[in-house]
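Structure data (mmCIF, C-alpha atoms, pLDDT in the B column; chains and numbers go by the auth columns) from my_file.cif:
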```cif
data_coords
#
loop_
_atom_site.group_PDB
_atom_site.id
_atom_site.type_symbol
_atom_site.label_atom_id
_atom_site.label_comp_id
_atom_site.label_asym_id
_atom_site.label_seq_id
_atom_site.Cartn_x
_atom_site.Cartn_y
_atom_site.Cartn_z
_atom_site.B_iso_or_equiv
_atom_site.auth_seq_id
_atom_site.auth_asym_id
ATOM 1 C CA MET A 1 -70.813 -69.256 75.309 55.00 149 A
ATOM 2 C CA PRO A 2 -67.451 -67.569 75.987 65.00 150 A
ATOM 3 C CA LYS A 3 -65.417 -66.762 72.961 69.00 151 A
ATOM 4 C CA SER A 4 -62.671 -69.323 72.386 74.00 152 A
ATOM 5 C CA LEU A 5 -59.191 -67.994 72.943 74.00 153 A
ATOM 6 C CA ARG A 6 -57.730 -70.580 70.607 77.00 154 A
ATOM 7 C CA PRO A 7 -55.558 -70.752 68.612 75.00 155 A
ATOM 8 C CA VAL A 8 -53.033 -69.193 70.964 76.00 156 A
ATOM 9 C CA PHE A 9 -50.371 -67.187 69.209 74.00 157 A
ATOM 10 C CA LEU A 10 -46.932 -67.923 70.607 75.00 158 A
ATOM 11 C CA ASN A 11 -44.151 -65.557 69.694 78.00 159 A
ATOM 12 C CA LEU A 12 -41.144 -67.863 69.715 75.00 160 A
ATOM 13 C CA THR A 13 -38.674 -64.964 69.992 77.00 161 A
ATOM 14 C CA GLN A 14 -40.296 -63.904 73.282 77.00 162 A
ATOM 15 C CA ILE A 15 -40.108 -67.302 74.949 77.00 163 A
ATOM 16 C CA GLN A 16 -37.246 -67.586 77.424 80.00 164 A
ATOM 17 C CA MET A 17 -36.063 -71.180 77.571 83.00 165 A
ATOM 18 C CA PRO A 18 -34.527 -72.343 80.839 88.00 166 A
ATOM 19 C CA VAL A 19 -31.185 -74.116 80.421 90.00 167 A
ATOM 20 C CA GLY A 20 -32.746 -77.562 80.907 90.00 168 A
ATOM 21 C CA ALA A 21 -35.115 -76.890 78.001 90.00 169 A
ATOM 22 C CA LEU A 22 -32.138 -76.042 75.785 91.00 170 A
ATOM 23 C CA THR A 23 -30.440 -79.306 76.734 92.00 171 A
ATOM 24 C CA SER A 24 -33.678 -81.179 76.095 92.00 172 A
ATOM 25 C CA ILE A 25 -34.512 -79.708 72.688 93.00 173 A
ATOM 26 C CA GLY A 26 -30.807 -79.949 71.874 94.00 174 A
ATOM 27 C CA HIS A 27 -30.955 -83.682 72.596 95.00 175 A
ATOM 28 C CA ARG A 28 -33.761 -84.057 70.070 96.00 176 A
ATOM 29 C CA PHE A 29 -32.223 -81.704 67.502 96.00 177 A
ATOM 30 C CA THR A 30 -28.817 -83.419 67.646 96.00 178 A
ATOM 31 C CA GLY A 31 -30.522 -86.815 67.402 96.00 179 A
ATOM 32 C CA VAL A 32 -32.184 -85.819 64.131 97.00 180 A
ATOM 33 C CA LEU A 33 -28.911 -84.266 62.926 97.00 181 A
ATOM 34 C CA LEU A 34 -27.005 -87.485 63.656 96.00 182 A
ATOM 35 C CA ALA A 35 -29.684 -89.523 61.869 96.00 183 A
ATOM 36 C CA LEU A 36 -29.280 -87.285 58.800 96.00 184 A
ATOM 37 C CA GLY A 37 -25.514 -87.776 59.029 94.00 185 A
ATOM 38 C CA LEU A 38 -25.759 -91.574 59.173 95.00 186 A
ATOM 39 C CA PRO A 39 -25.929 -92.184 55.382 93.00 187 A
ATOM 40 C CA PHE A 40 -22.719 -90.179 54.965 92.00 188 A
ATOM 41 C CA GLY A 41 -21.127 -91.958 57.907 92.00 189 A
ATOM 42 C CA LEU A 42 -22.009 -95.347 56.423 94.00 190 A
ATOM 43 C CA TYR A 43 -20.621 -94.274 53.058 93.00 191 A
ATOM 44 C CA LEU A 44 -17.339 -93.225 54.734 92.00 192 A
ATOM 45 C CA PHE A 45 -17.218 -96.553 56.588 94.00 193 A
ATOM 46 C CA TYR A 46 -17.672 -98.319 53.233 94.00 194 A
ATOM 47 C CA LEU A 47 -14.912 -96.252 51.562 94.00 195 A
ATOM 48 C CA SER A 48 -12.561 -96.805 54.494 93.00 196 A
ATOM 49 C CA LEU A 49 -12.810 -100.571 53.971 94.00 197 A
ATOM 50 C CA LYS A 50 -13.150 -100.827 50.180 93.00 198 A
ATOM 51 C CA SER A 51 -9.535 -100.343 49.120 93.00 199 A
ATOM 52 C CA GLU A 52 -6.274 -98.635 49.987 94.00 200 A
ATOM 53 C CA GLU A 53 -7.086 -95.865 47.453 95.00 201 A
ATOM 54 C CA THR A 54 -10.589 -95.100 48.730 95.00 202 A
ATOM 55 C CA PHE A 55 -9.203 -95.124 52.296 94.00 203 A
ATOM 56 C CA ALA A 56 -6.589 -92.521 51.332 94.00 204 A
ATOM 57 C CA THR A 57 -9.151 -90.424 49.430 93.00 205 A
ATOM 58 C CA MET A 58 -11.451 -90.467 52.449 90.00 206 A
ATOM 59 C CA MET A 59 -8.704 -89.440 54.856 88.00 207 A
ATOM 60 C CA GLY A 60 -7.757 -86.631 52.448 89.00 208 A
ATOM 61 C CA TRP A 61 -11.312 -85.254 52.589 88.00 209 A
ATOM 62 C CA LEU A 62 -10.932 -84.457 56.280 80.00 210 A
ATOM 63 C CA SER A 63 -8.544 -81.624 55.502 81.00 211 A
ATOM 64 C CA HIS A 64 -11.102 -80.001 53.180 88.00 212 A
ATOM 65 C CA PRO A 65 -12.604 -76.978 55.035 88.00 213 A
ATOM 66 C CA ALA A 66 -16.244 -77.816 54.213 90.00 214 A
ATOM 67 C CA ILE A 67 -15.889 -81.456 55.312 89.00 215 A
ATOM 68 C CA HIS A 68 -13.934 -80.343 58.354 89.00 216 A
ATOM 69 C CA GLY A 69 -16.741 -77.953 59.298 91.00 217 A
ATOM 70 C CA LEU A 70 -19.393 -80.633 58.825 92.00 218 A
ATOM 71 C CA ALA A 71 -17.359 -83.122 60.855 90.00 219 A
ATOM 72 C CA THR A 72 -17.027 -80.571 63.669 92.00 220 A
ATOM 73 C CA ILE A 73 -20.814 -80.020 63.701 94.00 221 A
ATOM 74 C CA LEU A 74 -21.431 -83.780 63.808 94.00 222 A
ATOM 75 C CA VAL A 75 -18.895 -84.215 66.632 94.00 223 A
ATOM 76 C CA TRP A 76 -20.732 -81.492 68.542 96.00 224 A
ATOM 77 C CA ALA A 77 -24.062 -83.230 67.850 96.00 225 A
ATOM 78 C CA LEU A 78 -22.679 -86.579 69.001 96.00 226 A
ATOM 79 C CA ALA A 79 -21.111 -85.089 72.149 96.00 227 A
ATOM 80 C CA HIS A 80 -24.287 -83.225 73.074 96.00 228 A
ATOM 81 C CA HIS A 81 -26.560 -86.195 72.354 97.00 229 A
ATOM 82 C CA LEU A 82 -24.320 -88.578 74.286 96.00 230 A
ATOM 83 C CA LEU A 83 -23.863 -86.336 77.328 96.00 231 A
ATOM 84 C CA ALA A 84 -27.544 -85.342 77.437 95.00 232 A
ATOM 85 C CA GLY A 85 -28.355 -89.049 77.140 95.00 233 A
ATOM 86 C CA VAL A 86 -26.137 -89.927 80.102 95.00 234 A
ATOM 87 C CA ARG A 87 -27.840 -87.116 82.041 95.00 235 A
ATOM 88 C CA HIS A 88 -31.176 -88.707 81.120 93.00 236 A
ATOM 89 C CA LEU A 89 -30.036 -92.163 82.249 93.00 237 A
ATOM 90 C CA LEU A 90 -28.863 -90.728 85.573 94.00 238 A
ATOM 91 C CA THR A 91 -32.240 -89.028 86.019 91.00 239 A
ATOM 92 C CA ASP A 92 -33.867 -92.435 85.405 89.00 240 A
ATOM 93 C CA ILE A 93 -32.139 -93.771 88.514 91.00 241 A
ATOM 94 C CA ASN A 94 -32.875 -90.571 90.426 88.00 242 A
ATOM 95 C CA VAL A 95 -29.423 -89.041 90.272 88.00 243 A
ATOM 96 C CA GLY A 96 -29.453 -85.264 89.799 85.00 244 A
ATOM 97 C CA SER A 97 -33.213 -84.830 89.735 86.00 245 A
ATOM 98 C CA THR A 98 -33.435 -81.806 92.019 90.00 246 A
ATOM 99 C CA LEU A 99 -33.948 -78.495 90.234 90.00 247 A
ATOM 100 C CA HIS A 100 -30.590 -77.130 91.329 90.00 248 A
ATOM 101 C CA SER A 101 -28.509 -80.125 90.245 91.00 249 A
ATOM 102 C CA ALA A 102 -30.569 -80.598 87.062 92.00 250 A
ATOM 103 C CA ARG A 103 -29.837 -76.996 86.061 92.00 251 A
ATOM 104 C CA ARG A 104 -26.166 -77.439 86.865 92.00 252 A
ATOM 105 C CA SER A 105 -25.862 -80.677 84.856 93.00 253 A
ATOM 106 C CA ALA A 106 -27.757 -79.043 81.965 93.00 254 A
ATOM 107 C CA TRP A 107 -25.139 -76.265 81.842 93.00 255 A
ATOM 108 C CA LEU A 108 -22.396 -78.875 82.100 94.00 256 A
ATOM 109 C CA VAL A 109 -23.832 -80.846 79.146 94.00 257 A
ATOM 110 C CA ASN A 110 -24.319 -77.787 76.912 94.00 258 A
ATOM 111 C CA LEU A 111 -20.870 -76.356 77.565 95.00 259 A
ATOM 112 C CA SER A 112 -18.934 -79.659 77.534 95.00 260 A
ATOM 113 C CA ALA A 113 -20.420 -80.571 74.149 95.00 261 A
ATOM 114 C CA LEU A 114 -19.149 -77.280 72.710 95.00 262 A
ATOM 115 C CA ALA A 115 -15.742 -77.791 74.329 94.00 263 A
ATOM 116 C CA ILE A 116 -15.454 -81.324 72.920 94.00 264 A
ATOM 117 C CA ALA A 117 -16.383 -80.042 69.438 94.00 265 A
ATOM 118 C CA LEU A 118 -13.673 -77.360 69.645 93.00 266 A
ATOM 119 C CA ILE A 119 -11.031 -79.843 70.818 93.00 267 A
ATOM 120 C CA ALA A 120 -12.004 -82.367 68.118 89.00 268 A
ATOM 121 C CA SER A 121 -11.880 -79.618 65.511 88.00 269 A
ATOM 122 C CA GLY A 122 -8.298 -78.881 66.595 86.00 270 A
ATOM 123 C CA VAL A 123 -7.250 -82.539 66.636 82.00 271 A
ATOM 124 C CA LEU A 124 -8.742 -83.242 63.196 71.00 272 A
ATOM 125 C CA LEU A 125 -7.065 -80.209 61.602 59.00 273 A
ATOM 126 C CA MET B 1 -51.690 -101.151 63.495 46.00 179 B
ATOM 127 C CA LYS B 2 -50.490 -102.840 66.645 51.00 180 B
ATOM 128 C CA CYS B 3 -46.753 -102.583 66.970 55.00 181 B
ATOM 129 C CA GLN B 4 -44.814 -104.431 69.637 59.00 182 B
ATOM 130 C CA PHE B 5 -41.958 -101.975 69.394 67.00 183 B
ATOM 131 C CA THR B 6 -43.628 -99.211 71.407 74.00 184 B
ATOM 132 C CA GLY B 7 -44.281 -98.248 75.008 82.00 185 B
ATOM 133 C CA LEU B 8 -42.159 -99.861 77.681 88.00 186 B
ATOM 134 C CA VAL B 9 -40.388 -102.125 75.173 89.00 187 B
ATOM 135 C CA ALA B 10 -39.307 -99.076 73.156 90.00 188 B
ATOM 136 C CA TRP B 11 -38.210 -97.306 76.336 90.00 189 B
ATOM 137 C CA ARG B 12 -36.051 -100.282 77.303 92.00 190 B
ATOM 138 C CA VAL B 13 -34.611 -100.666 73.795 93.00 191 B
ATOM 139 C CA GLN B 14 -33.658 -96.988 73.846 93.00 192 B
ATOM 140 C CA ARG B 15 -31.826 -97.308 77.191 94.00 193 B
ATOM 141 C CA ILE B 16 -30.067 -100.611 76.551 95.00 194 B
ATOM 142 C CA SER B 17 -28.919 -99.588 73.062 96.00 195 B
ATOM 143 C CA ALA B 18 -27.708 -96.263 74.496 96.00 196 B
ATOM 144 C CA ILE B 19 -25.577 -97.977 77.130 96.00 197 B
ATOM 145 C CA TYR B 20 -24.092 -100.404 74.590 97.00 198 B
ATOM 146 C CA MET B 21 -23.234 -97.566 72.203 97.00 199 B
ATOM 147 C CA LEU B 22 -21.730 -95.561 75.056 96.00 200 B
ATOM 148 C CA LEU B 23 -19.423 -98.462 76.004 97.00 201 B
ATOM 149 C CA PHE B 24 -18.588 -99.042 72.336 97.00 202 B
ATOM 150 C CA PHE B 25 -17.614 -95.363 71.897 95.00 203 B
ATOM 151 C CA LEU B 26 -15.443 -95.427 75.009 95.00 204 B
ATOM 152 C CA TYR B 27 -13.702 -98.536 73.667 95.00 205 B
ATOM 153 C CA MET B 28 -13.232 -96.992 70.196 93.00 206 B
ATOM 154 C CA LEU B 29 -11.899 -93.752 71.681 92.00 207 B
ATOM 155 C CA SER B 30 -9.406 -95.528 73.904 95.00 208 B
ATOM 156 C CA ALA B 31 -8.290 -97.746 70.976 93.00 209 B
ATOM 157 C CA LEU B 32 -7.779 -94.655 68.817 89.00 210 B
ATOM 158 C CA TRP B 33 -6.052 -92.879 71.689 90.00 211 B
ATOM 159 C CA LEU B 34 -3.537 -95.727 72.033 93.00 212 B
ATOM 160 C CA HIS B 35 -3.112 -96.105 68.292 90.00 213 B
ATOM 161 C CA PRO B 36 -4.036 -92.911 66.407 87.00 214 B
ATOM 162 C CA TRP B 37 -4.264 -92.672 62.593 85.00 215 B
ATOM 163 C CA PRO B 38 -4.150 -96.388 61.686 90.00 216 B
ATOM 164 C CA THR B 39 -3.124 -97.371 58.140 93.00 217 B
ATOM 165 C CA TYR B 40 -5.589 -99.035 55.778 95.00 218 B
ATOM 166 C CA VAL B 41 -4.169 -102.511 56.437 94.00 219 B
ATOM 167 C CA GLU B 42 -4.297 -102.037 60.220 94.00 220 B
ATOM 168 C CA TRP B 43 -7.843 -100.602 60.069 94.00 221 B
ATOM 169 C CA ARG B 44 -9.232 -103.346 57.834 94.00 222 B
ATOM 170 C CA GLY B 45 -7.435 -106.024 59.835 94.00 223 B
ATOM 171 C CA TRP B 46 -8.983 -104.654 63.004 94.00 224 B
ATOM 172 C CA VAL B 47 -12.521 -104.457 61.596 94.00 225 B
ATOM 173 C CA ARG B 48 -12.406 -108.042 60.244 93.00 226 B
ATOM 174 C CA ARG B 49 -11.324 -109.580 63.548 94.00 227 B
ATOM 175 C CA PRO B 50 -14.334 -111.780 64.460 93.00 228 B
ATOM 176 C CA SER B 51 -14.823 -110.239 67.919 94.00 229 B
ATOM 177 C CA ILE B 52 -14.671 -106.704 66.499 95.00 230 B
ATOM 178 C CA SER B 53 -16.943 -107.563 63.557 95.00 231 B
ATOM 179 C CA VAL B 54 -19.541 -108.899 65.974 96.00 232 B
ATOM 180 C CA ALA B 55 -19.143 -105.853 68.236 96.00 233 B
ATOM 181 C CA ILE B 56 -19.640 -103.570 65.209 96.00 234 B
ATOM 182 C CA LEU B 57 -22.680 -105.572 64.103 96.00 235 B
ATOM 183 C CA ILE B 58 -24.234 -105.264 67.572 97.00 236 B
ATOM 184 C CA PHE B 59 -23.354 -101.564 67.554 97.00 237 B
ATOM 185 C CA PHE B 60 -25.306 -100.996 64.331 97.00 238 B
ATOM 186 C CA ALA B 61 -28.224 -103.117 65.577 97.00 239 B
ATOM 187 C CA ALA B 62 -28.278 -100.905 68.689 97.00 240 B
ATOM 188 C CA LEU B 63 -27.928 -97.740 66.611 97.00 241 B
ATOM 189 C CA LEU B 64 -30.734 -98.602 64.179 97.00 242 B
ATOM 190 C CA SER B 65 -33.184 -99.654 66.893 95.00 243 B
ATOM 191 C CA HIS B 66 -32.255 -96.536 68.913 96.00 244 B
ATOM 192 C CA MET B 67 -32.945 -94.463 65.779 96.00 245 B
ATOM 193 C CA TRP B 68 -36.312 -96.140 65.324 95.00 246 B
ATOM 194 C CA VAL B 69 -37.458 -95.205 68.835 94.00 247 B
ATOM 195 C CA GLY B 70 -36.105 -91.644 68.665 95.00 248 B
ATOM 196 C CA LEU B 71 -37.261 -90.748 65.173 95.00 249 B
ATOM 197 C CA ARG B 72 -40.621 -92.439 65.776 94.00 250 B
ATOM 198 C CA ASP B 73 -41.096 -90.123 68.776 92.00 251 B
ATOM 199 C CA VAL B 74 -40.200 -87.121 66.625 94.00 252 B
ATOM 200 C CA LEU B 75 -42.651 -88.138 63.877 94.00 253 B
ATOM 201 C CA LEU B 76 -45.436 -88.827 66.406 92.00 254 B
ATOM 202 C CA ASP B 77 -44.907 -85.335 67.820 92.00 255 B
ATOM 203 C CA TYR B 78 -44.690 -83.305 64.626 92.00 256 B
ATOM 204 C CA ALA B 79 -45.900 -85.212 61.554 90.00 257 B
ATOM 205 C CA ARG B 80 -49.447 -84.149 60.623 86.00 258 B
ATOM 206 C CA PRO B 81 -51.852 -85.200 59.176 93.00 259 B
ATOM 207 C CA GLU B 82 -51.956 -88.811 60.239 91.00 260 B
ATOM 208 C CA SER B 83 -51.620 -90.164 56.686 93.00 261 B
ATOM 209 C CA LEU B 84 -48.332 -88.278 56.264 95.00 262 B
ATOM 210 C CA ARG B 85 -47.164 -89.599 59.629 94.00 263 B
ATOM 211 C CA TRP B 86 -47.817 -93.217 58.633 95.00 264 B
ATOM 212 C CA PHE B 87 -46.110 -92.652 55.306 96.00 265 B
ATOM 213 C CA LEU B 88 -43.008 -91.187 56.980 96.00 266 B
ATOM 214 C CA LEU B 89 -42.937 -93.987 59.572 95.00 267 B
ATOM 215 C CA ALA B 90 -43.035 -96.511 56.727 96.00 268 B
ATOM 216 C CA VAL B 91 -40.209 -94.691 54.914 96.00 269 B
ATOM 217 C CA LEU B 92 -38.208 -94.634 58.153 96.00 270 B
ATOM 218 C CA GLY B 93 -38.736 -98.330 58.852 96.00 271 B
ATOM 219 C CA THR B 94 -37.809 -99.308 55.306 96.00 272 B
ATOM 220 C CA SER B 95 -34.670 -97.141 55.376 96.00 273 B
ATOM 221 C CA LEU B 96 -33.527 -98.638 58.679 96.00 274 B
ATOM 222 C CA PHE B 97 -34.023 -102.173 57.357 96.00 275 B
ATOM 223 C CA GLY B 98 -32.172 -101.207 54.175 96.00 276 B
ATOM 224 C CA ALA B 99 -29.285 -99.791 56.206 96.00 277 B
ATOM 225 C CA ALA B 100 -29.168 -102.963 58.315 96.00 278 B
ATOM 226 C CA ALA B 101 -28.978 -105.178 55.217 96.00 279 B
ATOM 227 C CA TRP B 102 -26.228 -103.002 53.745 96.00 280 B
ATOM 228 C CA ILE B 103 -24.158 -103.140 56.952 96.00 281 B
ATOM 229 C CA VAL B 104 -24.422 -106.941 57.110 96.00 282 B
ATOM 230 C CA TRP B 105 -23.327 -107.126 53.458 95.00 283 B
ATOM 231 C CA LEU B 106 -20.406 -104.755 54.137 94.00 284 B
ATOM 232 C CA LEU B 107 -19.178 -106.738 57.153 94.00 285 B
ATOM 233 C CA LEU B 108 -19.433 -109.990 55.163 94.00 286 B
ATOM 234 C CA GLN B 109 -17.380 -108.409 52.356 91.00 287 B
ATOM 235 C CA VAL B 110 -14.655 -107.501 54.831 89.00 288 B
ATOM 236 C CA GLN B 111 -14.390 -111.134 55.968 88.00 289 B
ATOM 237 C CA LYS B 112 -13.340 -112.234 52.443 82.00 290 B
#
```
Turn the structure described in the file into structure tokens.
Amino acid sequence: MPKSLRPVFLNLTQIQMPVGALTSIGHRFTGVLLALGLPFGLYLFYLSLKSEETFATMMGWLSHPAIHGLATILVWALAHHLLAGVRHLLTDINVGSTLHSARRSAWLVNLSALAIALIASGVLL
Amino acid sequence: MKCQFTGLVAWRVQRISAIYMLLFFLYMLSALWLHPWPTYVEWRGWVRRPSISVAILIFFAALLSHMWVGLRDVLLDYARPESLRWFLLAVLGTSLFGAAAWIVWLLLQVQK
């Protein structure tokens, strides 16, 4: 019997991911990130409605650097997840399925998400 | 365990909830664009409008079912061994139901 070659050792630092793979794993990663952010989001929603004071406190938090940084990351996650999702939906109806256009839209998604995060970071400041 | 919320049903739930949330975000963004930085009274008044309350409720229903499909996929892919996977799926399901109950309570509070 031939010697089994398993388990295969994959060196993750040597794997070159094509741009579509980055968009894809990014879609999953940002989805998990957004899910982790939901409890905080719900808590903010609660504070925003509870009373005038809690509303003001919550708005004040946005100017705190740590909160501002977290908010920027979550905006990036939302933008990436949303745009990658739209790309997915378009693929479902056979729009942009060729390798060339899929690669182009993958770049567009990755870069637009970063751009949106930067703009939002500026607006929220 | 036979769950009806898998396969093609899950696929459809994921797509329909995604489209609803997308439209909801576009609406929210345009509302905020036209009227940035609302005061507390304006914000609360807006949320408690019946049409908006219902739209928010549907949004969270879409969000939580979308989260179930997505996070279920993630757990099916990575959570090993199987006992841990079932445990995490149960934790996830319970949390989503808990969140849903809390959101309904919150929206009812706002109506008062």
List the spatial neighbours of region 245-262 of chain B as a PyMOL selection string - criterion: any atom at most 9 Å away, only C-alpha atoms, same-chain residues fewer than 2 positions off excluded. (chain A and resi 176+179-180+183) or (chain B and resi 183-184+188-189+191-192+240-243+264-267+270-271+274)
On this structure, which residues satisfy the PyMOL selection byres ((chain B) within 9 of (chain A)), written as an MDAnalysis selection string? chainID B and resid 193 196:197 200 217:219 221:222 225 245 248:249 252 277 281 284 287:288
Written as a short mmCIF file (atom, residue, chain, number, x, y, z; two decimals) with C-alpha atoms, keeping the file's coordinate frame, what is the full residue list that the PyMOL selection byres ((chain B and resi 201) around 12) yields on the file shown?
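Done, and the output landed in out_38.cif:
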```cif
data_model
loop_
_atom_site.label_atom_id
_atom_site.label_comp_id
_atom_site.auth_asym_id
_atom_site.auth_seq_id
_atom_site.Cartn_x
_atom_site.Cartn_y
_atom_site.Cartn_z
CA LEU A 230 -24.32 -88.58 74.29
CA VAL A 234 -26.14 -89.93 80.10
CA ILE B 194 -30.07 -100.61 76.55
CA SER B 195 -28.92 -99.59 73.06
CA ALA B 196 -27.71 -96.26 74.50
CA ILE B 197 -25.58 -97.98 77.13
CA TYR B 198 -24.09 -100.40 74.59
CA MET B 199 -23.23 -97.57 72.20
CA LEU B 200 -21.73 -95.56 75.06
CA PHE B 202 -18.59 -99.04 72.34
CA PHE B 203 -17.61 -95.36 71.90
CA LEU B 204 -15.44 -95.43 75.01
CA TYR B 205 -13.70 -98.54 73.67
CA MET B 206 -13.23 -96.99 70.20
CA LEU B 207 -11.90 -93.75 71.68
CA SER B 208 -9.41 -95.53 73.90
CA ALA B 233 -19.14 -105.85 68.24
CA ILE B 234 -19.64 -103.57 65.21
CA ILE B 236 -24.23 -105.26 67.57
CA PHE B 237 -23.35 -101.56 67.55
CA ALA B 240 -28.28 -100.90 68.69
#
```
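Note that the spacing between CA of Ile230 (chain B) and CA of Val282 (chain B) amounts to 13.5 Å.
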Residues in the PyMOL selection byres ((chain A and resi 271) around 12), expressed as a ChimeraX atom specification: /A:210-211,216,219-220,223,264-270,272-273 /B:211,214-215
